Structure formats: C-alpha cells, structure tokens
file query-v6.tsv (TSV, N, CA and C atoms)
chain	number	residue	atom	x	y	z
U	1	MET	N	164.47	125.65	151.78
U	1	MET	CA	165.09	126.09	153.03
U	1	MET	C	164.48	125.39	154.24
U	2	ASP	N	163.16	125.39	154.37
U	2	ASP	CA	162.55	124.87	155.57
U	2	ASP	C	162.76	123.36	155.74
U	3	GLU	N	163.07	122.65	154.68
U	3	GLU	CA	163.33	121.22	154.80
U	3	GLU	C	164.65	120.95	155.51
U	4	MET	N	165.52	121.95	155.59
U	4	MET	CA	166.82	121.76	156.22
U	4	MET	C	166.76	121.94	157.74
U	5	ILE	N	165.73	122.59	158.24
U	5	ILE	CA	165.65	122.88	159.66
U	5	ILE	C	165.22	121.63	160.41
U	6	LYS	N	166.05	121.15	161.29
U	6	LYS	CA	165.74	119.98	162.12
U	6	LYS	C	165.79	120.32	163.60
U	7	THR	N	166.77	121.15	163.97
U	7	THR	CA	166.92	121.57	165.36
U	7	THR	C	167.31	123.05	165.38
U	8	ILE	N	167.13	123.64	166.55
U	8	ILE	CA	167.54	125.02	166.77
U	8	ILE	C	168.02	125.11	168.21
U	9	THR	N	169.01	125.93	168.46
U	9	THR	CA	169.50	126.12	169.82
U	9	THR	C	169.21	127.56	170.24
U	10	LEU	N	168.48	127.70	171.34
U	10	LEU	CA	168.16	128.99	171.93
U	10	LEU	C	168.44	128.94	173.42
U	11	ASP	N	169.13	129.93	173.92
U	11	ASP	CA	169.47	129.99	175.35
U	11	ASP	C	170.10	128.68	175.83
U	12	ASP	N	171.00	128.15	175.03
U	12	ASP	CA	171.72	126.91	175.34
U	12	ASP	C	170.81	125.69	175.50
U	13	LYS	N	169.63	125.74	174.89
U	13	LYS	CA	168.70	124.60	174.89
U	13	LYS	C	168.49	124.16	173.44
U	14	GLU	N	168.46	122.85	173.25
U	14	GLU	CA	168.25	122.33	171.91
U	14	GLU	C	166.77	121.99	171.73
U	15	TYR	N	166.19	122.51	170.65
U	15	TYR	CA	164.80	122.27	170.31
U	15	TYR	C	164.73	121.49	169.00
U	16	TYR	N	163.80	120.55	168.93
U	16	TYR	CA	163.56	119.77	167.73
U	16	TYR	C	162.28	120.23	167.06
U	17	VAL	N	162.21	120.10	165.74
U	17	VAL	CA	160.99	120.43	165.03
U	17	VAL	C	159.92	119.41	165.40
U	18	MET	N	158.84	119.90	165.95
U	18	MET	CA	157.71	119.05	166.31
U	18	MET	C	156.72	119.01	165.14
U	19	ASP	N	156.56	120.17	164.49
U	19	ASP	CA	155.61	120.27	163.38
U	19	ASP	C	155.87	121.58	162.65
U	20	LYS	N	155.25	121.70	161.49
U	20	LYS	CA	155.27	122.98	160.79
U	20	LYS	C	153.94	123.13	160.09
U	21	LEU	N	153.47	124.35	160.02
U	21	LEU	CA	152.21	124.66	159.35
U	21	LEU	C	152.41	125.88	158.47
U	22	SER	N	151.68	125.90	157.39
U	22	SER	CA	151.65	127.09	156.53
U	22	SER	C	150.28	127.72	156.69
U	23	ILE	N	150.27	128.97	157.14
U	23	ILE	CA	149.03	129.71	157.36
U	23	ILE	C	149.15	131.04	156.63
U	24	ASN	N	148.23	131.29	155.71
U	24	ASN	CA	148.27	132.53	154.92
U	24	ASN	C	149.63	132.75	154.27
U	25	ASP	N	150.18	131.68	153.70
U	25	ASP	CA	151.46	131.72	152.99
U	25	ASP	C	152.66	132.03	153.88
U	26	ILE	N	152.50	131.86	155.18
U	26	ILE	CA	153.62	132.02	156.12
U	26	ILE	C	153.86	130.65	156.75
U	27	VAL	N	155.12	130.22	156.79
U	27	VAL	CA	155.47	128.92	157.37
U	27	VAL	C	155.85	129.14	158.83
U	28	TYR	N	155.19	128.36	159.70
U	28	TYR	CA	155.45	128.40	161.14
U	28	TYR	C	156.04	127.07	161.58
U	29	PHE	N	157.07	127.14	162.41
U	29	PHE	CA	157.69	125.94	162.97
U	29	PHE	C	157.36	125.85	164.45
U	30	TYR	N	157.01	124.66	164.87
U	30	TYR	CA	156.73	124.37	166.27
U	30	TYR	C	157.89	123.52	166.78
U	31	PHE	N	158.63	124.06	167.73
U	31	PHE	CA	159.81	123.38	168.27
U	31	PHE	C	159.54	122.93	169.70
U	32	ILE	N	160.11	121.78	170.06
U	32	ILE	CA	159.98	121.25	171.41
U	32	ILE	C	161.37	121.00	171.99
U	33	ASN	N	161.53	121.35	173.25
U	33	ASN	CA	162.81	121.17	173.95
U	33	ASN	C	163.04	119.67	174.15
U	34	SER	N	164.22	119.21	173.78
U	34	SER	CA	164.52	117.78	173.89
U	34	SER	C	164.58	117.29	175.34
U	35	ASN	N	164.77	118.21	176.28
U	35	ASN	CA	164.86	117.82	177.70
U	35	ASN	C	163.64	118.20	178.52
U	36	ASP	N	162.70	118.92	177.93
U	36	ASP	CA	161.51	119.36	178.64
U	36	ASP	C	160.35	119.45	177.66
U	37	MET	N	159.53	118.42	177.62
U	37	MET	CA	158.45	118.33	176.64
U	37	MET	C	157.37	119.40	176.84
U	38	ASN	N	157.41	120.12	177.93
U	38	ASN	CA	156.47	121.22	178.16
U	38	ASN	C	156.99	122.54	177.60
U	39	ASP	N	158.23	122.55	177.15
U	39	ASP	CA	158.88	123.75	176.63
U	39	ASP	C	158.75	123.75	175.11
U	40	ILE	N	157.75	124.49	174.61
U	40	ILE	CA	157.47	124.55	173.18
U	40	ILE	C	157.59	126.00	172.73
U	41	ILE	N	158.24	126.21	171.59
U	41	ILE	CA	158.32	127.55	171.03
U	41	ILE	C	157.82	127.51	169.59
U	42	VAL	N	157.37	128.65	169.12
U	42	VAL	CA	156.89	128.76	167.74
U	42	VAL	C	157.64	129.92	167.09
U	43	ARG	N	158.11	129.69	165.88
U	43	ARG	CA	158.80	130.73	165.11
U	43	ARG	C	158.27	130.70	163.69
U	44	LYS	N	158.34	131.85	163.03
U	44	LYS	CA	157.92	131.90	161.63
U	44	LYS	C	159.14	132.12	160.75
U	45	LEU	N	159.07	131.54	159.56
U	45	LEU	CA	160.15	131.64	158.59
U	45	LEU	C	159.96	132.92	157.78
U	46	GLU	N	160.99	133.74	157.75
U	46	GLU	CA	160.95	134.98	156.98
U	46	GLU	C	162.21	135.06	156.13
U	47	SER	N	162.15	135.95	155.16
U	47	SER	CA	163.34	136.14	154.32
U	47	SER	C	163.56	137.63	154.10
U	48	ASP	N	164.83	137.95	153.92
U	48	ASP	CA	165.23	139.33	153.66
U	48	ASP	C	166.40	139.27	152.70
U	49	ASN	N	166.21	139.78	151.51
U	49	ASN	CA	167.26	139.77	150.48
U	49	ASN	C	167.80	138.36	150.22
U	50	GLY	N	166.91	137.38	150.19
U	50	GLY	CA	167.32	136.01	149.91
U	50	GLY	C	167.87	135.25	151.10
U	51	GLU	N	168.01	135.90	152.25
U	51	GLU	CA	168.47	135.25	153.48
U	51	GLU	C	167.25	134.85	154.30
U	52	PHE	N	167.22	133.60	154.75
U	52	PHE	CA	166.11	133.11	155.56
U	52	PHE	C	166.47	133.16	157.03
U	53	TYR	N	165.48	133.43	157.85
U	53	TYR	CA	165.67	133.44	159.30
U	53	TYR	C	164.35	133.14	160.00
U	54	LEU	N	164.44	132.77	161.26
U	54	LEU	CA	163.25	132.51	162.08
U	54	LEU	C	163.02	133.69	162.99
U	55	SER	N	161.78	134.13	163.08
U	55	SER	CA	161.49	135.28	163.94
U	55	SER	C	160.38	134.94	164.93
U	56	GLN	N	160.34	135.71	166.00
U	56	GLN	CA	159.33	135.53	167.03
U	56	GLN	C	158.00	136.08	166.56
U	57	LEU	N	156.94	135.69	167.25
U	57	LEU	CA	155.60	136.12	166.94
U	57	LEU	C	155.11	137.09	168.00
U	58	ASP	N	154.21	137.98	167.61
U	58	ASP	CA	153.57	138.79	168.63
U	58	ASP	C	152.46	137.95	169.28
U	59	GLU	N	151.88	138.43	170.33
U	59	GLU	CA	150.93	137.63	171.12
U	59	GLU	C	149.71	137.21	170.31
U	60	GLU	N	149.17	138.11	169.51
U	60	GLU	CA	147.99	137.79	168.71
U	60	GLU	C	148.30	136.72	167.67
U	61	GLU	N	149.43	136.86	167.00
U	61	GLU	CA	149.84	135.88	165.99
U	61	GLU	C	150.10	134.53	166.65
U	62	PHE	N	150.74	134.54	167.82
U	62	PHE	CA	151.00	133.30	168.55
U	62	PHE	C	149.69	132.58	168.85
U	63	ASP	N	148.70	133.31	169.36
U	63	ASP	CA	147.40	132.70	169.68
U	63	ASP	C	146.77	132.07	168.44
U	64	THR	N	146.86	132.77	167.32
U	64	THR	CA	146.28	132.28	166.07
U	64	THR	C	146.94	130.98	165.61
U	65	VAL	N	148.27	130.94	165.61
U	65	VAL	CA	148.95	129.74	165.12
U	65	VAL	C	148.87	128.58	166.11
U	66	MET	N	148.77	128.88	167.40
U	66	MET	CA	148.58	127.79	168.37
U	66	MET	C	147.19	127.18	168.22
U	67	ASN	N	146.19	128.02	167.97
U	67	ASN	CA	144.84	127.50	167.72
U	67	ASN	C	144.82	126.63	166.47
U	68	ALA	N	145.52	127.05	165.43
U	68	ALA	CA	145.61	126.25	164.21
U	68	ALA	C	146.28	124.91	164.47
U	69	PHE	N	147.31	124.90	165.31
U	69	PHE	CA	148.01	123.66	165.66
U	69	PHE	C	147.07	122.73	166.42
U	70	VAL	N	146.34	123.26	167.38
U	70	VAL	CA	145.40	122.45	168.16
U	70	VAL	C	144.32	121.87	167.24
U	71	GLU	N	143.80	122.67	166.34
U	71	GLU	CA	142.80	122.18	165.39
U	71	GLU	C	143.36	121.05	164.55
U	72	LYS	N	144.60	121.20	164.09
U	72	LYS	CA	145.24	120.15	163.29
U	72	LYS	C	145.37	118.87	164.10
U	73	MET	N	145.81	118.97	165.33
U	73	MET	CA	145.98	117.79	166.18
U	73	MET	C	144.65	117.11	166.47
U	74	ASN	N	143.60	117.88	166.62
U	74	ASN	CA	142.28	117.31	166.88
U	74	ASN	C	141.72	116.56	165.67
U	75	LYS	N	142.16	116.93	164.47
U	75	LYS	CA	141.71	116.26	163.25
U	75	LYS	C	142.45	114.95	163.03
U	76	GLU	N	143.65	114.84	163.55
U	76	GLU	CA	144.47	113.64	163.29
U	76	GLU	C	144.16	112.52	164.22
call {"tool": "encode", "arguments": {"input": "query-v6.tsv", "output": "structure tokens"}}
result
Amino acid sequence: MDEMIKTITLDDKEYYVMDKLSINDIVYFYFINSNDMNDIIVRKLESDNGEFYLSQLDEEEFDTVMNAFVEKMNKE
C-alpha cells in the first residue's frame, strides 16, 4: 500500500512524499507542499478492516517522529 502513495491533496494543496520512516512498526509519511517548501505535514499509515488511510498525529507523537526525521537527516 505505502509504495503507491506519491502525492496527497489537503485543503486544495498538493503535497509530495518527502520521506517515510517506520518507527515501532508504524509507517509515517513526511509530505512537502509543492508550492511552499516550508509547508510540511506528517501522517501515519493505519488500517481498519483491510482499508488503509492516513491519520493525523497528536502533539507528542508529532514531536517524536520529527525528532526521528532530524536524526535520520543528520546521519545522511
């Protein structure tokens, strides 16, 4: 499923996949707005009865996955 995600449209803005990370068996996608490189969103991949969807993160989870992203970028 996650290999199919390339873009997402939210609030009439198109976001591209910038990166994805798996943390504690949860896949997180980092999206960047194609018209505003400062506009980044993070969503996690979830499933319900075989249907996949992207959901928002709470503040604590967001901080955790953003720190993981920064650590990854610092290693590369």
call {"tool": "residues_around", "arguments": {"input": "query-v6.tsv", "residues": "stretch 9-21 of chain U", "least_positions_apart": "4", "cutoff": "7 Å", "atoms": "all atoms listed in the file", "output": "list in words"}}
result
Ile5, Ile26, Val27, Tyr28, Phe29, Tyr30, Phe31, Ile32, Asn33, Ser34 and Asn35 of chain U
call {"tool": "write_last_selection", "arguments": {"input": "query-v6.tsv", "atoms": "N, CA and C atoms", "output": "mmCIF file, in the frame of the given file"}}
result
data_model
loop_
_atom_site.group_PDB
_atom_site.id
_atom_site.type_symbol
_atom_site.label_atom_id
_atom_site.label_comp_id
_atom_site.auth_asym_id
_atom_site.auth_seq_id
_atom_site.Cartn_x
_atom_site.Cartn_y
_atom_site.Cartn_z
ATOM 1 N N ILE U 5 165.730 122.590 158.240
ATOM 2 C CA ILE U 5 165.650 122.880 159.660
ATOM 3 C C ILE U 5 165.220 121.630 160.410
ATOM 4 N N ILE U 26 152.500 131.860 155.180
ATOM 5 C CA ILE U 26 153.620 132.020 156.120
ATOM 6 C C ILE U 26 153.860 130.650 156.750
ATOM 7 N N VAL U 27 155.120 130.220 156.790
ATOM 8 C CA VAL U 27 155.470 128.920 157.370
ATOM 9 C C VAL U 27 155.850 129.140 158.830
ATOM 10 N N TYR U 28 155.190 128.360 159.700
ATOM 11 C CA TYR U 28 155.450 128.400 161.140
ATOM 12 C C TYR U 28 156.040 127.070 161.580
ATOM 13 N N PHE U 29 157.070 127.140 162.410
ATOM 14 C CA PHE U 29 157.690 125.940 162.970
ATOM 15 C C PHE U 29 157.360 125.850 164.450
ATOM 16 N N TYR U 30 157.010 124.660 164.870
ATOM 17 C CA TYR U 30 156.730 124.370 166.270
ATOM 18 C C TYR U 30 157.890 123.520 166.780
ATOM 19 N N PHE U 31 158.630 124.060 167.730
ATOM 20 C CA PHE U 31 159.810 123.380 168.270
ATOM 21 C C PHE U 31 159.540 122.930 169.700
ATOM 22 N N ILE U 32 160.110 121.780 170.060
ATOM 23 C CA ILE U 32 159.980 121.250 171.410
ATOM 24 C C ILE U 32 161.370 121.000 171.990
ATOM 25 N N ASN U 33 161.530 121.350 173.250
ATOM 26 C CA ASN U 33 162.810 121.170 173.950
ATOM 27 C C ASN U 33 163.040 119.670 174.150
ATOM 28 N N SER U 34 164.220 119.210 173.780
ATOM 29 C CA SER U 34 164.520 117.780 173.890
ATOM 30 C C SER U 34 164.580 117.290 175.340
ATOM 31 N N ASN U 35 164.770 118.210 176.280
ATOM 32 C CA ASN U 35 164.860 117.820 177.700
ATOM 33 C C ASN U 35 163.640 118.200 178.520
#
call {"tool": "atom_distance", "arguments": {"input": "query-v6.tsv", "atom1": "atom N of U:Ser55", "atom2": "atom C of U:Arg43"}}
result
4.9 Å
call {"tool": "select_by_dssp", "arguments": {"input": "query-v6.tsv", "residues": "stretch 7-62 of chain U", "states": "helix (DSSP H, G or I)", "output": "list of chain:residue names"}}
result
U:Glu59, U:Glu60, U:Glu61, U:Phe62
call {"tool": "atom_distance", "arguments": {"input": "query-v6.tsv", "atom1": "atom C of U:Lys72", "atom2": "atom C of U:Tyr53"}}
result
24.1 Å
call {"tool": "select_by_dssp", "arguments": {"input": "query-v6.tsv", "residues": "chain U", "states": "strand (DSSP E or B)", "output": "PyMOL selection string"}}
result
chain U and resi 7-10+13-23+26-33+36-48+51-55
call {"tool": "atom_distance", "arguments": {"input": "query-v6.tsv", "atom1": "atom CA of U:Phe62", "atom2": "atom CA of U:Val42"}}
result
7.5 Å
call {"tool": "decode", "arguments": {"input": "query-v6.tsv", "residues": "stretch 6-37 of chain U", "atoms": "N, CA, C and O atoms", "output": "mmCIF file, in the first residue's frame"}}
result
data_model
loop_
_atom_site.group_PDB
_atom_site.id
_atom_site.type_symbol
_atom_site.label_atom_id
_atom_site.label_comp_id
_atom_site.auth_asym_id
_atom_site.auth_seq_id
_atom_site.Cartn_x
_atom_site.Cartn_y
_atom_site.Cartn_z
ATOM 1 N N LYS U 6 2.210 8.716 -3.568
ATOM 2 C CA LYS U 6 3.191 9.645 -4.136
ATOM 3 C C LYS U 6 2.840 11.093 -3.799
ATOM 4 O O LYS U 6 3.702 11.895 -3.538
ATOM 5 N N THR U 7 1.540 11.394 -3.845
ATOM 6 C CA THR U 7 1.064 12.736 -3.524
ATOM 7 C C THR U 7 -0.231 12.619 -2.723
ATOM 8 O O THR U 7 -0.880 11.583 -2.717
ATOM 9 N N ILE U 8 -0.566 13.721 -2.076
ATOM 10 C CA ILE U 8 -1.818 13.811 -1.341
ATOM 11 C C ILE U 8 -2.312 15.243 -1.479
ATOM 12 O O ILE U 8 -1.498 16.172 -1.556
ATOM 13 N N THR U 9 -3.604 15.426 -1.545
ATOM 14 C CA THR U 9 -4.171 16.769 -1.628
ATOM 15 C C THR U 9 -4.961 17.043 -0.351
ATOM 16 O O THR U 9 -5.856 16.283 0.006
ATOM 17 N N LEU U 10 -4.579 18.119 0.338
ATOM 18 C CA LEU U 10 -5.262 18.566 1.544
ATOM 19 C C LEU U 10 -5.518 20.058 1.433
ATOM 20 O O LEU U 10 -4.605 20.816 1.086
ATOM 21 N N ASP U 11 -6.725 20.471 1.723
ATOM 22 C CA ASP U 11 -7.086 21.897 1.650
ATOM 23 C C ASP U 11 -6.680 22.515 0.312
ATOM 24 O O ASP U 11 -6.111 23.606 0.258
ATOM 25 N N ASP U 12 -6.931 21.778 -0.763
ATOM 26 C CA ASP U 12 -6.631 22.226 -2.126
ATOM 27 C C ASP U 12 -5.141 22.483 -2.369
ATOM 28 O O ASP U 12 -4.772 23.234 -3.269
ATOM 29 N N LYS U 13 -4.279 21.855 -1.576
ATOM 30 C CA LYS U 13 -2.828 21.949 -1.773
ATOM 31 C C LYS U 13 -2.295 20.553 -2.059
ATOM 32 O O LYS U 13 -2.710 19.582 -1.431
ATOM 33 N N GLU U 14 -1.369 20.491 -3.009
ATOM 34 C CA GLU U 14 -0.778 19.201 -3.350
ATOM 35 C C GLU U 14 0.540 19.033 -2.596
ATOM 36 O O GLU U 14 1.405 19.900 -2.631
ATOM 37 N N TYR U 15 0.663 17.894 -1.914
ATOM 38 C CA TYR U 15 1.862 17.560 -1.168
ATOM 39 C C TYR U 15 2.510 16.332 -1.787
ATOM 40 O O TYR U 15 1.820 15.391 -2.184
ATOM 41 N N TYR U 16 3.843 16.344 -1.839
ATOM 42 C CA TYR U 16 4.612 15.217 -2.339
ATOM 43 C C TYR U 16 5.273 14.488 -1.180
ATOM 44 O O TYR U 16 5.619 15.101 -0.176
ATOM 45 N N VAL U 17 5.485 13.190 -1.341
ATOM 46 C CA VAL U 17 6.190 12.425 -0.323
ATOM 47 C C VAL U 17 7.641 12.878 -0.304
ATOM 48 O O VAL U 17 8.339 12.817 -1.308
ATOM 49 N N MET U 18 8.062 13.364 0.838
ATOM 50 C CA MET U 18 9.449 13.779 1.027
ATOM 51 C C MET U 18 10.261 12.612 1.585
ATOM 52 O O MET U 18 11.419 12.426 1.225
ATOM 53 N N ASP U 19 9.626 11.844 2.477
ATOM 54 C CA ASP U 19 10.304 10.713 3.108
ATOM 55 C C ASP U 19 9.266 9.862 3.819
ATOM 56 O O ASP U 19 8.110 10.268 3.960
ATOM 57 N N LYS U 20 9.698 8.694 4.239
ATOM 58 C CA LYS U 20 8.854 7.868 5.091
ATOM 59 C C LYS U 20 9.764 7.134 6.054
ATOM 60 O O LYS U 20 10.904 6.786 5.729
ATOM 61 N N LEU U 21 9.270 6.943 7.259
ATOM 62 C CA LEU U 21 10.013 6.229 8.287
ATOM 63 C C LEU U 21 9.088 5.235 8.961
ATOM 64 O O LEU U 21 7.887 5.491 9.116
ATOM 65 N N SER U 22 9.666 4.142 9.394
ATOM 66 C CA SER U 22 8.930 3.175 10.200
ATOM 67 C C SER U 22 9.485 3.251 11.613
ATOM 68 O O SER U 22 10.685 3.057 11.834
ATOM 69 N N ILE U 23 8.612 3.572 12.558
ATOM 70 C CA ILE U 23 9.004 3.703 13.963
ATOM 71 C C ILE U 23 8.046 2.847 14.778
ATOM 72 O O ILE U 23 6.826 3.046 14.718
ATOM 73 N N ASN U 24 8.598 1.896 15.516
ATOM 74 C CA ASN U 24 7.772 0.990 16.323
ATOM 75 C C ASN U 24 6.663 0.336 15.501
ATOM 76 O O ASN U 24 5.510 0.275 15.917
ATOM 77 N N ASP U 25 7.022 -0.111 14.305
ATOM 78 C CA ASP U 25 6.100 -0.804 13.396
ATOM 79 C C ASP U 25 4.967 0.074 12.873
ATOM 80 O O ASP U 25 3.949 -0.429 12.400
ATOM 81 N N ILE U 26 5.120 1.379 12.965
ATOM 82 C CA ILE U 26 4.151 2.320 12.390
ATOM 83 C C ILE U 26 4.871 3.081 11.284
ATOM 84 O O ILE U 26 5.982 3.572 11.483
ATOM 85 N N VAL U 27 4.241 3.180 10.113
ATOM 86 C CA VAL U 27 4.839 3.890 8.983
ATOM 87 C C VAL U 27 4.338 5.332 8.998
ATOM 88 O O VAL U 27 3.129 5.586 9.034
ATOM 89 N N TYR U 28 5.296 6.264 8.957
ATOM 90 C CA TYR U 28 5.000 7.694 8.929
ATOM 91 C C TYR U 28 5.459 8.272 7.597
ATOM 92 O O TYR U 28 6.555 7.970 7.127
ATOM 93 N N PHE U 29 4.616 9.102 7.006
ATOM 94 C CA PHE U 29 4.954 9.785 5.760
ATOM 95 C C PHE U 29 5.172 11.264 6.041
ATOM 96 O O PHE U 29 4.385 11.889 6.762
ATOM 97 N N TYR U 30 6.213 11.792 5.454
ATOM 98 C CA TYR U 30 6.539 13.212 5.549
ATOM 99 C C TYR U 30 6.240 13.815 4.180
ATOM 100 O O TYR U 30 6.844 13.438 3.179
ATOM 101 N N PHE U 31 5.282 14.726 4.139
ATOM 102 C CA PHE U 31 4.850 15.349 2.890
ATOM 103 C C PHE U 31 5.281 16.807 2.860
ATOM 104 O O PHE U 31 5.271 17.495 3.879
ATOM 105 N N ILE U 32 5.626 17.287 1.670
ATOM 106 C CA ILE U 32 6.008 18.680 1.488
ATOM 107 C C ILE U 32 5.136 19.300 0.400
ATOM 108 O O ILE U 32 4.853 18.665 -0.621
ATOM 109 N N ASN U 33 4.706 20.525 0.646
ATOM 110 C CA ASN U 33 3.865 21.256 -0.301
ATOM 111 C C ASN U 33 4.700 21.608 -1.531
ATOM 112 O O ASN U 33 5.791 22.162 -1.410
ATOM 113 N N SER U 34 4.180 21.304 -2.698
ATOM 114 C CA SER U 34 4.931 21.557 -3.936
ATOM 115 C C SER U 34 5.136 23.044 -4.211
ATOM 116 O O SER U 34 6.042 23.412 -4.955
ATOM 117 N N ASN U 35 4.317 23.902 -3.600
ATOM 118 C CA ASN U 35 4.445 25.348 -3.827
ATOM 119 C C ASN U 35 5.031 26.106 -2.650
ATOM 120 O O ASN U 35 5.251 27.310 -2.737
ATOM 121 N N ASP U 36 5.254 25.433 -1.533
ATOM 122 C CA ASP U 36 5.787 26.087 -0.340
ATOM 123 C C ASP U 36 6.623 25.082 0.434
ATOM 124 O O ASP U 36 6.099 24.277 1.197
ATOM 125 N N MET U 37 7.925 25.127 0.244
ATOM 126 C CA MET U 37 8.826 24.145 0.846
ATOM 127 C C MET U 37 8.872 24.222 2.373
ATOM 128 O O MET U 37 9.422 23.344 3.027
#
